[in-house]
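One structure is given here, and the rest of the page talks about it.
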Amino acid sequence: METGGNSLTAGPEGRKRVVSYFYDPEVGNYYYGQGHPMKPHRIRMAHSLIVHYGLHYKMDMFRPYPAQDNDLCRFHADDYISFLKSVCPETQHEQLRVLKRFNVGEDCPVFSGLYQFCQSYAGGSIGGAVKLNHGHSDIAINWSGGLHHAKKCEASGFCYVNDIVLAILELLKYHERVLYVDIDIHHGDGVEEAFYTTDRVMTVSFHKFGDYFPGTGDVRDLGYGKGKYYSLNVPLNDGIDDDSYLSLFKPIISKVMEVYQPGAVVLQCGADSLSGDRLGCFNLSVKGHAECVRYMRTFNVPLLLLGGGGYTIRNVARCWCYETGVAVGVEVEDKMPYNEYFEYFGPDYHLHVAPMSMENQNHRTYLDSIRERLLENLSKLQHVPSVQFQERPPDTELLEEVEEGYDSRPKARLWDGEYSDSETDEMEPKARNHDVDIADASPPSK
């Protein structure tokens, strides 16, 4: 099957893009544990759909080179990375104090191959950034990345290593300004925190706000110091649908692109904002979610697409397959081709599923007030902030294969150990036997 559908219409979004796609065939083997909602197996399912729709013929395919200790320590603390490298299920009971210090154990369990998993997904995101920096790609994709909650010294919300921060640091070597956009239902707290005091990275997060993990992302959180007004938060309520979501996304992003003019964009495409997600409460369709990808593509700026949350895994696979089609400029057919995971997608075996019948608690007056407030904040920005050029640090050499005290306060949890329905395990795979110093990420001297 050589094509998965018809080419997109002519226009800015119809121009052919060179797309690099990073996928590790081992990723589906990593297993957080019985009943845990995070299932890396979803990446394998998405990849299977991508291949059976023939989208791989339209991309350069790479297996990521594992990120090394020094790559991960460009953001994370050395002792935290050393801990991730050494901890294993058999010995974790001997390290209870250290587990608590690094917030590992409940939302973020120790499992077999944990460090290799981190190396793999981080390597894909850094590798994608390298491809964009060198002009080898217009768009780079790593659906295994996008783990936006991880902090400098601790795991959080199913995330251990913050591949997004690492990829942005790589992009900053070549670009004066990088824009980060997050459409996961959860606030992109780890990325925002990392760049909260700089104007070289703008973060924009669209998320559920209120009594919801991680509890951050108030519209009043704007950044600090040089970074004031360079953090944008779009707090949303339950049940938001495509029209309401896009009525905020498009005007806000349009204004951001106008005033900030980033050299590169990172878009975190967490699929837990889809209708029917097991941990989510939004009501977006796959097409509505993908419209954000399509819209970002029209700006013709180097674009890194990453995964993120998503816990109804059949819908995650649908979404990221469709968004891969958007990236390469193909409108894939709704009727699904036969694939290894065909039984997951019954009874209709279609790519698109209808949104649920649920109340949209984002009333027009609320949406209008949020949009006006954020556009007003954007009007306070210095147009195109400048940066002093310095000698560029050396490139990260990532090969790829074609084909001390601790915070003892209780931590917020993304998952309370229960689902809202009885389907706790969708065909489990078998288990395998703070701020960033960006001084070393300066763009090249002119």
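Naming scheme: A, B, ... for chains in displayed order of the structure tokens; residues 1 onward per chain; ligands 1 onward as shown.
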Check: Excluding same-chain residues fewer than 4 positions from Val201 of chain A, what lies within 7 Å of it counting only C-alpha atoms, as a ChimeraX atom specification?
Finding: /A:177-179,195
Convert the current residue selection to file output with all heavy atoms, as a tab-separated table (two decimals), in the first residue's frame.
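again.tsv, freshly written:
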```tsv
chain	number	residue	atom	x	y	z
A	177	ARG	N	15.28	32.03	19.12
A	177	ARG	CA	14.04	31.87	19.87
A	177	ARG	C	13.36	30.57	19.45
A	177	ARG	O	13.29	30.25	18.27
A	177	ARG	CB	13.09	33.05	19.60
A	177	ARG	CG	13.61	34.39	20.10
A	177	ARG	CD	12.73	35.53	19.61
A	177	ARG	NE	12.61	35.57	18.15
A	177	ARG	CZ	13.56	36.04	17.35
A	177	ARG	NH1	14.69	36.52	17.84
A	177	ARG	NH2	13.38	36.04	16.04
A	178	VAL	N	12.82	29.87	20.45
A	178	VAL	CA	12.09	28.63	20.21
A	178	VAL	C	10.73	28.75	20.89
A	178	VAL	O	10.63	29.18	22.05
A	178	VAL	CB	12.85	27.41	20.75
A	178	VAL	CG1	12.00	26.14	20.62
A	178	VAL	CG2	14.18	27.23	20.02
A	179	LEU	N	9.68	28.38	20.17
A	179	LEU	CA	8.33	28.37	20.72
A	179	LEU	C	7.95	26.94	21.08
A	179	LEU	O	8.13	26.01	20.30
A	179	LEU	CB	7.34	28.91	19.68
A	179	LEU	CG	5.85	28.77	20.01
A	179	LEU	CD1	5.48	29.57	21.25
A	179	LEU	CD2	4.99	29.17	18.81
A	195	PHE	N	12.06	27.06	31.62
A	195	PHE	CA	12.36	28.27	30.84
A	195	PHE	C	11.60	29.49	31.36
A	195	PHE	O	11.41	30.45	30.62
A	195	PHE	CB	12.03	28.01	29.36
A	195	PHE	CG	12.82	26.90	28.75
A	195	PHE	CD1	12.21	25.68	28.43
A	195	PHE	CD2	14.18	27.03	28.52
A	195	PHE	CE1	12.95	24.64	27.88
A	195	PHE	CE2	14.93	26.00	27.96
A	195	PHE	CZ	14.31	24.80	27.65
```
Check: By how many Å are atom CA of Thr203 of chain A and atom CA of Ser231 of chain A apart?
Finding: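 Straight-line distance from atom CA of Thr203 of chain A to atom CA of Ser231 of chain A works out to 4.9 Å.
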Item checked: DSSP-assigned alpha helix (DSSP H) among segment 148-211 of chain A, expressed as a PyMOL selection string -> chain A and resi 163-171+189-194
Please write the residues from the selection above to a file, keeping C-alpha atoms, as a PDB file, in the first residue's frame.
```
ATOM      1  CA  ASP A 163      13.023  15.104  26.442  1.00  0.00           C
ATOM      2  CA  ILE A 164      11.264  18.338  25.442  1.00  0.00           C
ATOM      3  CA  VAL A 165      13.628  20.555  27.447  1.00  0.00           C
ATOM      4  CA  LEU A 166      16.586  18.629  26.033  1.00  0.00           C
ATOM      5  CA  ALA A 167      15.320  19.067  22.465  1.00  0.00           C
ATOM      6  CA  ILE A 168      14.716  22.793  22.998  1.00  0.00           C
ATOM      7  CA  LEU A 169      18.240  23.217  24.369  1.00  0.00           C
ATOM      8  CA  GLU A 170      19.506  21.582  21.190  1.00  0.00           C
ATOM      9  CA  LEU A 171      17.395  23.901  19.013  1.00  0.00           C
ATOM     10  CA  ASP A 189       4.674  22.345  33.921  1.00  0.00           C
ATOM     11  CA  GLY A 190       8.135  20.835  33.551  1.00  0.00           C
ATOM     12  CA  VAL A 191       8.882  22.741  30.344  1.00  0.00           C
ATOM     13  CA  GLU A 192       7.400  26.006  31.590  1.00  0.00           C
ATOM     14  CA  GLU A 193       9.408  25.791  34.827  1.00  0.00           C
ATOM     15  CA  ALA A 194      12.641  25.112  32.951  1.00  0.00           C
TER      16      ALA A 194
END
```
Item checked: Contact residues around segment 269-272 of chain A with only C-alpha atoms at 9 Å, ignoring same-chain residues under 6 positions, as an MDAnalysis selection string -> chainID A and resid 143 146:147 181:186 278:282 286 289:290 292:293 305:312 315:316 319:320
Only N, CA, C and O atoms, please: the residues just picked out, written as a CSV table (one decimal), in the first residue's frame.
```
chain,number,residue,atom,x,y,z
A,143,TRP,N,6.9,10.3,18.4
A,143,TRP,CA,5.7,10.1,19.2
A,143,TRP,C,6.0,9.5,20.5
A,143,TRP,O,5.2,9.5,21.4
A,146,GLY,N,7.7,13.8,24.3
A,146,GLY,CA,6.7,14.7,24.8
A,146,GLY,C,6.4,14.5,26.3
A,146,GLY,O,5.3,14.9,26.8
A,147,LEU,N,7.3,14.0,27.1
A,147,LEU,CA,7.1,13.7,28.5
A,147,LEU,C,7.4,15.0,29.3
A,147,LEU,O,8.5,15.2,29.9
A,181,VAL,N,4.6,24.7,22.3
A,181,VAL,CA,3.1,24.7,22.3
A,181,VAL,C,2.7,23.3,22.8
A,181,VAL,O,3.2,22.3,22.3
A,182,ASP,N,1.8,23.3,23.8
A,182,ASP,CA,1.4,22.0,24.5
A,182,ASP,C,-0.1,21.9,24.4
A,182,ASP,O,-0.8,22.7,24.9
A,183,ILE,N,-0.6,20.8,23.7
A,183,ILE,CA,-2.0,20.6,23.6
A,183,ILE,C,-2.5,19.3,24.4
A,183,ILE,O,-3.6,18.8,24.2
A,184,ASP,N,-1.6,18.8,25.3
A,184,ASP,CA,-2.0,17.8,26.2
A,184,ASP,C,-3.0,18.3,27.2
A,184,ASP,O,-3.0,19.5,27.4
A,185,ILE,N,-3.9,17.5,27.8
A,185,ILE,CA,-4.9,18.0,28.7
A,185,ILE,C,-4.2,18.5,30.0
A,185,ILE,O,-4.8,19.3,30.7
A,186,HIS,N,-3.0,18.0,30.3
A,186,HIS,CA,-2.3,18.4,31.5
A,186,HIS,C,-1.4,19.6,31.2
A,186,HIS,O,-0.7,19.6,30.2
A,278,ARG,N,-9.3,8.0,29.1
A,278,ARG,CA,-9.5,7.4,30.4
A,278,ARG,C,-9.1,8.3,31.5
A,278,ARG,O,-9.7,8.2,32.6
A,279,LEU,N,-8.2,9.2,31.3
A,279,LEU,CA,-7.8,10.1,32.4
A,279,LEU,C,-8.2,11.6,32.1
A,279,LEU,O,-7.9,12.5,32.8
A,280,GLY,N,-8.8,11.8,30.9
A,280,GLY,CA,-9.1,13.1,30.4
A,280,GLY,C,-10.6,13.5,30.6
A,280,GLY,O,-11.4,12.6,30.9
A,281,CYS,N,-10.9,14.7,30.3
A,281,CYS,CA,-12.3,15.2,30.4
A,281,CYS,C,-12.6,16.2,29.3
A,281,CYS,O,-13.5,17.0,29.5
A,282,PHE,N,-11.8,16.3,28.2
A,282,PHE,CA,-12.1,17.1,27.1
A,282,PHE,C,-12.9,16.3,26.1
A,282,PHE,O,-13.1,15.1,26.2
A,286,VAL,N,-10.4,13.6,16.8
A,286,VAL,CA,-9.0,13.4,16.2
A,286,VAL,C,-8.8,14.6,15.2
A,286,VAL,O,-7.7,15.1,15.2
A,289,HIS,N,-8.1,17.9,17.1
A,289,HIS,CA,-6.8,17.8,17.7
A,289,HIS,C,-5.7,18.0,16.6
A,289,HIS,O,-4.8,18.8,16.7
A,290,ALA,N,-5.9,17.3,15.5
A,290,ALA,CA,-4.9,17.4,14.4
A,290,ALA,C,-5.0,18.8,13.7
A,290,ALA,O,-4.0,19.2,13.0
A,292,CYS,N,-4.7,21.5,15.1
A,292,CYS,CA,-3.6,22.3,15.7
A,292,CYS,C,-2.3,22.0,15.0
A,292,CYS,O,-1.5,22.9,14.8
A,293,VAL,N,-2.0,20.7,14.6
A,293,VAL,CA,-0.8,20.3,13.9
A,293,VAL,C,-0.9,21.0,12.5
A,293,VAL,O,0.1,21.6,12.0
A,305,LEU,N,7.4,17.6,16.2
A,305,LEU,CA,6.1,17.0,16.8
A,305,LEU,C,6.5,15.9,17.7
A,305,LEU,O,7.2,14.9,17.4
A,306,LEU,N,5.9,16.0,18.9
A,306,LEU,CA,6.2,15.0,20.0
A,306,LEU,C,4.8,14.5,20.5
A,306,LEU,O,3.8,15.1,20.4
A,307,GLY,N,4.9,13.3,21.1
A,307,GLY,CA,3.7,12.7,21.8
A,307,GLY,C,3.4,13.3,23.1
A,307,GLY,O,3.5,14.5,23.3
A,308,GLY,N,3.1,12.5,24.1
A,308,GLY,CA,2.8,13.0,25.4
A,308,GLY,C,1.8,12.0,26.1
A,308,GLY,O,1.9,10.8,26.0
A,309,GLY,N,0.7,12.6,26.7
A,309,GLY,CA,-0.3,11.8,27.4
A,309,GLY,C,-1.2,11.1,26.4
A,309,GLY,O,-1.1,11.3,25.1
A,310,GLY,N,-2.1,10.3,26.9
A,310,GLY,CA,-3.0,9.6,26.0
A,310,GLY,C,-3.2,8.2,26.6
A,310,GLY,O,-2.3,7.4,26.5
A,311,TYR,N,-4.4,7.8,27.1
A,311,TYR,CA,-4.6,6.6,27.9
A,311,TYR,C,-5.7,5.7,27.4
A,311,TYR,O,-5.9,4.6,27.9
A,312,THR,N,-6.4,6.1,26.4
A,312,THR,CA,-7.3,5.2,25.6
A,312,THR,C,-6.5,4.9,24.4
A,312,THR,O,-6.5,5.6,23.4
A,315,ASN,N,-7.3,5.1,20.6
A,315,ASN,CA,-7.5,6.5,20.1
A,315,ASN,C,-6.2,7.3,20.0
A,315,ASN,O,-6.1,8.1,19.1
A,316,VAL,N,-5.3,7.0,20.9
A,316,VAL,CA,-3.9,7.6,20.7
A,316,VAL,C,-3.3,7.2,19.4
A,316,VAL,O,-2.8,8.0,18.7
A,319,CYS,N,-5.0,8.9,16.6
A,319,CYS,CA,-4.6,10.4,16.5
A,319,CYS,C,-3.2,10.6,15.9
A,319,CYS,O,-3.1,11.4,15.0
A,320,TRP,N,-2.3,9.9,16.4
A,320,TRP,CA,-0.9,10.1,16.0
A,320,TRP,C,-0.6,9.6,14.6
A,320,TRP,O,0.2,10.2,13.8
```
Checklist line | Those of segment 164-395 of chain A in DSSP strand (DSSP E), formatted as an MDAnalysis selection string | finding: chainID A and resid 178:182 201:208 231:236 264:268 303:306 330:332
